Amino acid sequence: MNKTLFAEFTAREGAQDEVARLILEYAKKVREEEGNIAFDVYTRSATPRGFWIFEVYRDEDAFQAHLKAPYGGPFNAALVPLIEEDASVLTFLDPVT
């Protein structure tokens with residue numbers, strides 16, 4: 001079964017452009033992962049500093065491989081001082097059947 005989630009965070013005032021640059025660079029790498037199905041980056045229309053990332057991985061193993069990718073740690077380290085939250089807020093999703 002696919003592993004699906006939303007990651008969300010809010011860029012600090014004045015950091016929106018840098019956050020967008022970082023997340024788009026990161027997205028290119030994630031989309032190349034064998035088990036990645038989707039990594040779509042959005043901003044909230046009413047709050048452009050709010051970022052939402054919709055992620056889908058083939059399965060739990062693919063998600064775990066994503067978490068272990070060598071570029072994830074440096075991305076998160078660069079992101080944390082630029083966002084209001086302590087880290088990305090993750091919401092895991094299940095399909096309605």
# chains A, B, ... in the order shown; residues from 1 in each chain; ligands from 1
call {"tool": "select_by_dssp", "arguments": {"residues": "chain A", "states": "strand (DSSP E)", "output": "PyMOL selection string"}}
result
chain A and resi 3-10+36-43+50-57+89-93
call {"tool": "closest_atom_pairs", "arguments": {"of": "region 53-81 of chain A", "to": "region 8-24 of chain A", "cutoff": "12 Å", "atoms": "only C-alpha atoms", "output": "tab-separated table"}}
result
residue	atom	partner	partner_atom	distance
A:Ile53	CA	A:Glu8	CA	6.3
A:Phe54	CA	A:Glu8	CA	8.9
A:Glu55	CA	A:Glu8	CA	10.9
A:Tyr71	CA	A:Leu22	CA	11.5
A:Gly72	CA	A:Ile23	CA	10.9
A:Pro74	CA	A:Leu22	CA	10.5
A:Phe75	CA	A:Leu22	CA	7.3
A:Asn76	CA	A:Leu22	CA	9.6
A:Ala77	CA	A:Leu22	CA	11.0
A:Ala78	CA	A:Leu22	CA	8.1
A:Leu79	CA	A:Val19	CA	6.8
A:Val80	CA	A:Ala11	CA	9.4
A:Pro81	CA	A:Arg12	CA	8.5
call {"tool": "closest_residue", "arguments": {"among": "A:Val56, A:Leu5, A:Ala27, A:Ala62", "to": "Ser88 (chain A)", "atoms": "only C-alpha atoms"}}
result
A:Leu5
call {"tool": "select_by_dssp", "arguments": {"residues": "region 2-38 of chain A", "states": "alpha helix (DSSP H)", "output": "compact mmCIF listing (two decimals) with N, CA, C and O atoms, in the first residue's frame"}}
result
# COMPACT_ATOMS: atom_id res chain seq x y z
N GLN A 16 10.54 33.53 2.78
CA GLN A 16 9.72 32.74 1.84
C GLN A 16 10.48 32.37 0.57
O GLN A 16 10.42 31.23 0.12
N ASP A 17 11.21 33.30 -0.01
CA ASP A 17 11.93 33.01 -1.26
C ASP A 17 13.02 31.96 -1.05
O ASP A 17 13.21 31.07 -1.88
N GLU A 18 13.74 32.06 0.07
CA GLU A 18 14.80 31.09 0.36
C GLU A 18 14.20 29.71 0.63
O GLU A 18 14.73 28.69 0.17
N VAL A 19 13.08 29.66 1.34
CA VAL A 19 12.41 28.39 1.60
C VAL A 19 11.95 27.78 0.28
O VAL A 19 12.15 26.59 0.03
N ALA A 20 11.38 28.58 -0.59
CA ALA A 20 10.92 28.08 -1.89
C ALA A 20 12.10 27.53 -2.69
O ALA A 20 11.99 26.46 -3.30
N ARG A 21 13.22 28.22 -2.69
CA ARG A 21 14.39 27.75 -3.40
C ARG A 21 14.86 26.41 -2.85
O ARG A 21 15.11 25.46 -3.60
N LEU A 22 14.95 26.31 -1.51
CA LEU A 22 15.40 25.07 -0.88
C LEU A 22 14.47 23.90 -1.18
O LEU A 22 14.92 22.81 -1.53
N ILE A 23 13.17 24.13 -1.04
CA ILE A 23 12.22 23.02 -1.20
C ILE A 23 12.15 22.58 -2.66
O ILE A 23 12.01 21.38 -2.94
N LEU A 24 12.29 23.49 -3.60
CA LEU A 24 12.25 23.09 -5.00
C LEU A 24 13.51 22.32 -5.39
O LEU A 24 13.44 21.35 -6.16
N GLU A 25 14.65 22.71 -4.85
CA GLU A 25 15.88 21.96 -5.07
C GLU A 25 15.78 20.56 -4.47
O GLU A 25 16.16 19.57 -5.09
N TYR A 26 15.25 20.48 -3.27
CA TYR A 26 15.05 19.19 -2.60
C TYR A 26 14.06 18.32 -3.38
O TYR A 26 14.27 17.12 -3.54
N ALA A 27 12.99 18.93 -3.86
CA ALA A 27 11.96 18.19 -4.60
C ALA A 27 12.55 17.48 -5.81
O ALA A 27 12.16 16.34 -6.11
N LYS A 28 13.48 18.12 -6.51
CA LYS A 28 14.10 17.48 -7.68
C LYS A 28 14.77 16.17 -7.28
O LYS A 28 14.66 15.17 -7.98
N LYS A 29 15.46 16.17 -6.15
CA LYS A 29 16.15 14.96 -5.69
C LYS A 29 15.16 13.88 -5.26
O LYS A 29 15.31 12.71 -5.59
N VAL A 30 14.13 14.28 -4.51
CA VAL A 30 13.15 13.31 -4.02
C VAL A 30 12.41 12.66 -5.18
O VAL A 30 12.18 11.45 -5.18
N ARG A 31 12.06 13.44 -6.19
CA ARG A 31 11.33 12.89 -7.34
C ARG A 31 12.13 11.85 -8.10
O ARG A 31 11.56 11.05 -8.83
call {"tool": "atom_distance", "arguments": {"atom1": "CA of Glu85 (chain A)", "atom2": "CA of Asn36 (chain A)"}}
result
25.3 Å
call {"tool": "closest_residue", "arguments": {"among": "A:Gly50, A:Thr4, A:Asp59, A:Gln64", "to": "Leu82 (chain A)", "atoms": "only C-alpha atoms"}}
result
A:Gly50
call {"tool": "closest_residue", "arguments": {"among": "A:Glu33, A:Tyr42, A:Phe6, A:Leu90", "to": "Lys68 (chain A)", "atoms": "only C-alpha atoms"}}
result
A:Glu33
call {"tool": "atom_distance", "arguments": {"atom1": "CA of Arg58 (chain A)", "atom2": "CA of Thr97 (chain A)"}}
result
18.2 Å
call {"tool": "atom_distance", "arguments": {"atom1": "CA of Val96 (chain A)", "atom2": "CA of Arg44 (chain A)"}}
result
24.3 Å
